[in-house]
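query08.cif, holding mmCIF, C-alpha atoms:
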```cif
data_start
loop_
_atom_site.label_atom_id
_atom_site.label_comp_id
_atom_site.auth_asym_id
_atom_site.auth_seq_id
_atom_site.Cartn_x
_atom_site.Cartn_y
_atom_site.Cartn_z
CA MET A 29 -5.59 12.43 1.43
CA SER A 30 -8.16 10.30 3.27
CA GLN A 31 -6.98 6.73 3.64
CA VAL A 32 -9.01 3.77 4.90
CA ALA A 33 -6.64 0.96 3.95
CA THR A 34 -3.07 1.08 5.23
CA VAL A 35 -0.03 -1.11 4.73
CA ALA A 36 -0.65 -2.39 8.26
CA ASP A 37 -4.29 -3.28 7.56
CA TRP A 38 -4.90 -3.97 3.88
CA ALA A 39 -8.50 -3.90 2.68
CA PRO A 40 -10.12 -4.51 6.07
CA PRO A 41 -13.39 -6.53 5.81
CA VAL A 42 -15.71 -3.74 6.95
CA GLY A 43 -19.41 -4.60 6.86
CA VAL A 44 -22.02 -2.93 4.63
CA SER A 45 -25.13 -1.67 6.40
CA PHE A 46 -28.52 -3.17 5.63
CA PHE A 47 -29.79 0.24 4.51
CA THR A 48 -26.94 0.65 2.03
CA ARG A 49 -27.53 -2.82 0.60
CA ALA A 50 -31.28 -2.28 0.29
CA ALA A 51 -30.90 1.13 -1.33
CA SER A 52 -28.26 -0.27 -3.72
CA ILE A 53 -30.64 -3.05 -4.81
CA LEU A 54 -33.33 -0.49 -5.64
CA ARG A 55 -30.82 1.64 -7.54
CA SER A 56 -29.48 -1.38 -9.46
CA THR A 57 -33.03 -2.36 -10.46
CA TRP A 58 -33.47 1.08 -12.03
CA VAL A 59 -30.08 0.81 -13.78
CA MET A 60 -30.84 -2.63 -15.22
CA VAL A 61 -34.34 -1.70 -16.42
CA VAL A 62 -33.59 1.77 -17.78
CA VAL A 63 -29.90 2.72 -18.00
CA ASP A 64 -28.53 -0.65 -19.16
CA ASN A 65 -31.60 -1.44 -21.27
CA PRO A 66 -30.57 -2.58 -24.79
CA LEU A 67 -32.68 0.26 -26.22
CA SER A 68 -30.50 2.79 -24.40
CA TRP A 69 -27.52 1.43 -26.33
CA LYS A 70 -29.40 1.06 -29.60
CA PHE A 71 -30.56 4.69 -29.67
CA GLY A 72 -27.27 6.19 -28.48
CA PHE A 73 -28.14 7.18 -24.92
CA ARG A 74 -25.32 4.87 -23.84
CA GLY A 75 -22.11 4.02 -25.64
CA ARG A 76 -21.08 7.50 -26.80
CA ASN A 77 -17.62 6.72 -25.48
CA GLU A 78 -16.41 3.52 -27.16
CA GLN A 79 -15.13 2.29 -23.78
CA ASP A 80 -18.56 2.60 -22.11
CA ASP A 81 -19.92 -0.64 -20.71
CA ILE A 82 -22.85 -1.82 -18.63
CA GLU A 83 -22.89 -1.19 -14.90
CA GLY A 84 -24.60 -4.47 -14.08
CA PRO A 85 -26.64 -5.37 -10.98
CA PHE A 86 -23.89 -5.72 -8.37
CA TYR A 87 -22.88 -2.13 -7.59
CA VAL A 88 -23.02 -0.99 -3.96
CA PHE A 89 -22.69 2.75 -3.41
CA GLY A 90 -20.51 4.29 -0.71
CA ALA A 91 -17.40 2.08 -1.03
CA PRO A 92 -14.41 3.18 1.11
CA SER A 93 -11.08 4.44 -0.12
CA ARG A 94 -8.48 1.68 -0.51
CA GLN A 95 -5.60 4.09 -1.06
CA ILE A 96 -2.30 3.28 0.71
CA ASP A 97 -0.06 5.73 -1.14
CA GLU A 98 -0.33 8.25 -3.99
CA GLY A 99 -1.91 6.39 -6.90
CA LYS A 100 -1.65 3.03 -5.10
CA ALA A 101 -4.37 0.91 -3.51
CA VAL A 102 -5.10 -2.59 -2.22
CA LEU A 103 -8.50 -4.17 -2.97
CA ALA A 104 -7.92 -7.70 -1.64
CA CYS A 105 -7.39 -8.62 1.99
CA LYS A 106 -4.49 -10.78 3.17
CA GLU A 107 -6.64 -13.93 3.14
CA TYR A 108 -7.57 -13.50 -0.53
CA LEU A 109 -4.07 -12.54 -1.63
CA GLU A 110 -2.77 -15.73 -0.04
CA LYS A 111 -5.62 -17.90 -1.33
CA TYR A 112 -5.80 -16.70 -4.95
CA GLY A 113 -2.45 -14.99 -5.46
CA PRO A 114 -1.82 -11.25 -6.01
CA PHE A 115 -2.71 -9.71 -9.37
CA LEU A 116 -1.46 -6.17 -10.04
CA PHE A 117 -3.50 -3.81 -12.21
CA VAL A 118 -1.90 -0.70 -13.68
CA PHE A 119 -4.50 1.66 -15.12
CA GLU A 120 -4.06 5.08 -16.72
CA VAL A 121 -6.78 7.69 -17.12
CA LYS A 122 -6.46 10.24 -19.92
CA ASP A 123 -8.74 12.68 -21.68
CA ALA A 124 -9.80 12.58 -25.32
CA LYS A 125 -6.65 14.54 -26.26
CA GLY A 126 -4.39 11.97 -24.60
CA GLU A 127 -3.54 14.17 -21.62
CA PRO A 128 -3.30 12.48 -18.18
CA VAL A 129 -6.18 13.11 -15.78
CA PRO A 130 -4.79 13.55 -12.26
CA ASN A 131 -7.01 13.08 -9.19
CA ALA A 132 -9.57 11.02 -11.12
CA THR A 133 -11.57 8.70 -8.87
CA LEU A 134 -12.04 5.04 -9.79
CA ASP A 135 -14.92 3.35 -7.97
CA TRP A 136 -14.03 -0.36 -8.32
CA TRP A 137 -15.92 -3.59 -7.70
CA GLN A 138 -15.24 -7.15 -8.85
CA ALA A 139 -15.75 -10.85 -8.21
CA ASP A 140 -13.07 -13.11 -6.76
CA CYS A 141 -11.34 -15.83 -8.80
CA ASP A 142 -14.32 -18.14 -8.21
CA GLY A 143 -16.74 -15.60 -9.68
CA THR A 144 -18.27 -14.58 -6.35
CA TYR A 145 -19.34 -11.02 -5.46
CA TYR A 146 -19.67 -9.86 -1.87
CA PHE A 147 -22.49 -7.69 -0.54
CA ALA A 148 -22.39 -7.98 3.26
CA SER A 149 -18.88 -6.49 3.36
CA TRP A 150 -16.74 -4.22 1.19
CA THR A 151 -14.68 -7.20 0.03
CA LEU A 152 -13.13 -6.45 -3.39
CA ARG A 153 -14.80 -3.05 -3.49
CA GLY A 154 -13.30 0.39 -3.05
CA LYS A 155 -12.10 3.69 -4.44
CA VAL A 156 -8.67 4.86 -5.61
CA THR A 157 -7.47 8.21 -6.95
CA THR A 158 -5.01 8.66 -9.81
CA ASN A 159 -1.64 10.31 -9.20
CA ALA A 160 -0.30 13.39 -11.01
CA GLN A 161 0.35 11.25 -14.10
CA GLY A 162 -3.22 9.94 -14.17
CA ARG A 163 -2.03 6.48 -13.10
CA VAL A 164 -3.12 3.96 -10.48
CA GLU A 165 -1.64 0.68 -9.32
CA VAL A 166 -4.12 -1.62 -7.60
CA LEU A 167 -3.26 -4.91 -5.93
CA SER A 168 -6.16 -7.32 -6.12
CA VAL A 169 -6.94 -10.82 -7.40
CA ARG A 170 -7.97 -12.01 -10.85
CA PRO A 171 -11.73 -11.62 -11.42
CA GLY A 172 -13.26 -14.97 -12.33
CA ASP A 173 -15.92 -15.90 -14.89
CA TYR A 174 -19.43 -16.50 -13.58
CA GLY A 175 -22.94 -17.21 -14.79
CA ALA A 176 -25.70 -19.80 -14.98
CA PRO A 177 -26.30 -22.60 -17.54
CA LEU A 178 -29.61 -21.19 -18.77
CA LEU A 179 -28.67 -17.51 -18.60
CA GLY A 180 -25.16 -17.54 -20.02
CA LYS A 181 -21.78 -16.53 -18.66
CA ARG A 182 -19.85 -13.37 -17.98
CA SER A 183 -16.14 -13.19 -18.74
CA GLY A 184 -13.99 -12.18 -15.79
CA HIS A 185 -13.94 -8.40 -15.44
CA ILE A 186 -13.49 -5.41 -13.18
CA HIS A 187 -16.30 -2.87 -12.93
CA LEU A 188 -15.32 0.79 -12.80
CA THR A 189 -16.98 4.16 -12.66
CA ILE A 190 -14.39 6.81 -13.42
CA SER A 191 -14.88 10.45 -12.42
CA GLY A 192 -12.51 13.07 -13.79
CA THR A 193 -12.52 16.83 -13.29
CA LYS A 194 -16.03 18.13 -12.64
CA GLY A 195 -17.21 20.33 -15.49
CA LYS A 196 -14.38 19.15 -17.75
CA HIS A 197 -14.84 15.40 -18.17
CA HIS A 198 -17.85 13.15 -18.56
CA ASN A 199 -17.96 10.35 -16.00
CA MET A 200 -17.61 6.89 -17.48
CA THR A 201 -18.96 3.48 -16.48
CA THR A 202 -16.80 0.73 -17.95
CA GLN A 203 -15.26 -2.69 -17.40
CA ALA A 204 -11.77 -4.14 -17.78
CA TYR A 205 -11.81 -7.78 -18.91
CA VAL A 206 -9.17 -10.34 -18.00
CA CYS A 207 -9.06 -13.18 -20.54
CA PRO A 208 -6.93 -16.35 -20.53
CA GLY A 209 -3.97 -15.86 -22.83
CA ASN A 210 -5.25 -12.33 -23.65
CA LYS A 211 -7.64 -13.93 -26.14
CA THR A 212 -10.63 -11.70 -26.87
CA ALA A 213 -12.50 -14.72 -28.25
CA HIS A 214 -13.20 -15.51 -24.59
CA MET A 215 -15.56 -12.51 -24.60
CA LEU A 216 -17.61 -13.44 -27.68
CA GLU A 217 -20.25 -15.34 -25.70
CA ASP A 218 -20.43 -12.82 -22.87
CA LEU A 219 -23.98 -12.38 -21.61
CA ALA A 220 -23.58 -8.58 -21.70
CA ASN A 221 -23.31 -8.70 -25.50
CA TYR A 222 -27.10 -8.97 -25.59
CA ALA A 223 -27.36 -5.47 -24.09
CA ARG A 224 -24.60 -3.82 -26.11
CA GLY A 225 -22.19 -4.95 -28.80
CA PRO A 226 -19.05 -6.95 -27.94
CA ARG A 227 -16.33 -4.93 -26.22
CA PRO A 228 -12.99 -6.56 -27.22
CA GLY A 229 -11.30 -3.18 -26.81
CA ASN A 230 -12.11 -3.25 -23.10
CA MET A 231 -9.79 -6.18 -22.41
CA ALA A 232 -6.83 -5.45 -20.17
CA THR A 233 -3.51 -6.60 -21.64
CA CYS A 234 -1.95 -8.91 -19.08
CA TRP A 235 1.43 -10.57 -18.52
CA SER A 236 2.42 -13.38 -16.21
CA ILE A 237 5.47 -13.56 -13.99
CA PRO A 238 6.55 -17.23 -14.03
CA ALA A 239 9.04 -16.77 -11.19
CA ALA A 240 6.07 -16.18 -8.86
CA ASN A 241 4.21 -19.27 -10.13
CA GLY A 242 6.71 -22.10 -9.88
CA GLY A 243 8.25 -21.24 -13.25
CA GLU A 244 4.93 -21.63 -15.08
CA ARG A 245 3.01 -18.94 -16.93
CA TYR A 246 -0.09 -17.91 -15.03
CA TRP A 247 -3.43 -18.44 -16.80
CA GLU A 248 -1.80 -18.89 -20.21
CA LEU A 249 -0.67 -15.25 -20.16
CA PRO A 250 2.53 -14.22 -21.97
CA GLU A 251 5.57 -13.55 -19.84
CA LEU A 252 6.30 -9.94 -18.88
CA PRO A 253 8.85 -8.65 -21.42
CA ALA A 254 12.36 -8.35 -20.03
CA ASP A 255 12.68 -4.79 -21.35
CA ASP A 256 9.57 -3.55 -19.50
CA THR A 257 11.61 -2.24 -16.59
CA GLU A 258 8.91 0.20 -15.48
CA THR A 259 6.36 -2.54 -14.83
CA ALA A 260 9.05 -4.78 -13.31
CA GLY A 261 9.88 -1.95 -10.91
CA SER A 262 6.25 -1.70 -9.85
CA VAL A 263 6.12 -5.46 -9.29
CA ASP A 264 9.25 -5.28 -7.14
CA TRP A 265 7.72 -2.48 -5.06
CA TRP A 266 4.57 -4.48 -4.41
CA ASN A 267 6.46 -7.70 -3.69
CA ALA A 268 8.43 -5.83 -1.02
CA LYS A 269 5.15 -4.62 0.52
CA LEU A 270 3.72 -8.16 0.44
CA LYS A 271 6.77 -9.44 2.27
CA GLU A 272 6.56 -6.56 4.74
CA ARG A 273 2.92 -7.49 5.37
CA GLY A 274 3.85 -11.14 6.04
CA ILE A 275 2.20 -12.48 2.89
CA ASP A 276 4.18 -15.38 1.44
CA ARG A 277 3.10 -14.77 -2.15
CA GLU A 278 4.44 -12.62 -4.97
CA VAL A 279 2.63 -10.86 -7.81
CA LEU A 280 1.53 -13.55 -10.30
CA ALA A 281 0.58 -11.26 -13.17
CA VAL A 282 0.10 -7.65 -14.24
CA GLY A 283 -2.76 -6.17 -16.24
CA ARG A 284 -2.58 -2.79 -17.99
CA ARG A 285 -5.31 -0.65 -19.46
CA GLU A 286 -5.76 2.94 -20.60
CA PHE A 287 -9.07 4.74 -20.21
CA LYS A 288 -10.06 7.91 -22.06
CA LEU A 289 -12.66 10.25 -20.63
CA SER A 290 -14.73 12.34 -23.01
CA LEU A 291 -14.51 16.10 -22.63
CA VAL A 292 -17.64 18.03 -21.68
#
```

Could you express the structure from this file as structure tokens?
Amino acid sequence: MSQVATVADWAPPVGVSFFTRAASILRSTWVMVVVDNPLSWKFGFRGRNEQDDIEGPFYVFGAPSRQIDEGKAVLACKEYLEKYGPFLFVFEVKDAKGEPVPNATLDWWQADCDGTYYFASWTLRGKVTTNAQGRVEVLSVRPGDYGAPLLGKRSGHIHLTISGTKGKHHNMTTQAYVCPGNKTAHMLEDLANYARGPRPGNMATCWSIPAANGGERYWELPELPADDTETAGSVDWWNAKLKERGIDREVLAVGRREFKLSLV
């Protein structure tokens, strides 16, 4: 397995070439004008999978692998984990029959907690591959809301393109939203609703871990249930890696989401 990120050098801030940025801008212009056009959604060219979502204008092709172990990756560098606090995402990829999709590739990009995207480096961008159970655990930071007063706002979200088995699964472009208190009402005024209908089903279900946040719930999220020992075990694993890496923070919250790829 090709690995770019390692436990010794999490999510290194590698620069993006000028050519890649320029070509990505041209590609994104095409996507916004044609692929994400509201008419594409209206007439059924997009949205055949209920989890489909817009790609948006901020994709940069060629992101590196952020894998550090089977089904595990780190998207945020040490500086961002210390500044914003670690947020663990646990995603599962299945097919339309509910069967896990191993070795699916998730191409991931997001804003930081302040709503800022990065284009000169691969900050908060990268790829991860699912394990044999179709599962990934990704350590990152919470994606923040962003927007402009006259244009509207976007609710905090993670962008994903998910590729399953070639010839068996349709690729999917989607988003995973992170809302305060897991309240989908936060998404009702999302700017993207003008292109396609609201996507409340694309919200990740998140839990806070008060012990990592001075005893307080993080971002109004409910506390991780005491009987969810599987997720607690994942949090413990990542907290041990954070300590090993010299990062004096623990996982603040966990977000879970299941994606279903359509069969060809």

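For Gln203 (chain A), the non-local neighbours within 9 Å, defined as residues at least 3 positions apart in the same chain or in other chains and counting all atoms listed in the file, are Gln79, Asp80, Asp81, Ile82, Glu83, His185, Ile186, His187, Leu188, Thr189, Asn230 and Met231 of chain A.
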
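Between CA of Val63 (chain A) and CA of Met215 (chain A) lies a distance of 21.9 Å.
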
Please tell me which residues are no farther than 6 Å from (-16.2, -6.4, 0.7) in the file, counting only C-alpha atoms, and write them as number ranges by chain. A: 41, 146, 149-153

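For the set A:Glu286, A:Tyr87, A:Glu98, A:Pro40, the residue with the smallest atom-to-atom gap to Met60 (chain A) is A:Tyr87, counting only C-alpha atoms.
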
Would you kindly translate the PyMOL selection byres ((chain A and resi 248) around 12) into the concrete residues it picks from this file, as a PyMOL selection string? chain A and resi 206-211+234-238+241+244-247+249-251+280-281

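The smallest atom-to-atom distance between Ser183 (chain A) and any of A:Leu219, A:Ala148, A:Leu103, A:Val169, using all atoms listed in the file, is found for A:Leu219.
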
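Going from CA of Gly154 (chain A) to CA of Asp123 (chain A) covers 22.8 Å.
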
Suppose a student applies the PyMOL selection byres ((chain A and resi 279) around 7) to this structure; what residues should they get, written as JSON, numbers by chain? {"A": [113, 114, 115, 116, 240, 263, 267, 277, 278, 280, 281]}

Of A:Ala220, A:Ala254, A:Ala239, A:Val156, the one sitting nearest Asp64 (chain A) when using all atoms listed in the file is A:Ala220

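Computed from the coordinates, the CA of Thr193 (chain A) to CA of Gly225 (chain A) distance equals 28.4 Å.
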
Check what the PyMOL selection byres ((chain A and resi 128) around 10) selects in the file above and give those residues as an NGL selection string. :A and (120-127 or 129-132 or 158-163 or 287-289)

Edge lengths and centre in Å, axis-aligned, region 84-87 of chain A plus 5 Å each side, as AutoDock Vina command-line options:
```
--center_x -24.8 --center_y -3.9 --center_z -10.8 --size_x 13.8 --size_y 13.6 --size_z 16.5
```

Looking at all atoms listed in the file, which of A:Gly99, A:Gly75, A:Gly143, A:Gly195 is the one that sits closest to Phe117 (chain A)? A:Gly99

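Compared by their closest atoms to Cys105 (chain A), and using only C-alpha atoms, the residues A:Trp38, A:Phe71, A:Phe119, A:Phe86 rank with A:Trp38 nearest.
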
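By only C-alpha atoms, and with residues fewer than 3 positions from Asp218 (chain A) along its chain excluded, the set lying at most 9 Å from it is Gly180, Lys181, Arg182, Ser183, His214, Met215, Asn221, Tyr222 and Pro226 of chain A.
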
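Comparing A:Ile53, A:Leu134, A:Val42, A:Val61 by their smallest distance to Ala223 (chain A), the closest is A:Val61 (using all atoms listed in the file).
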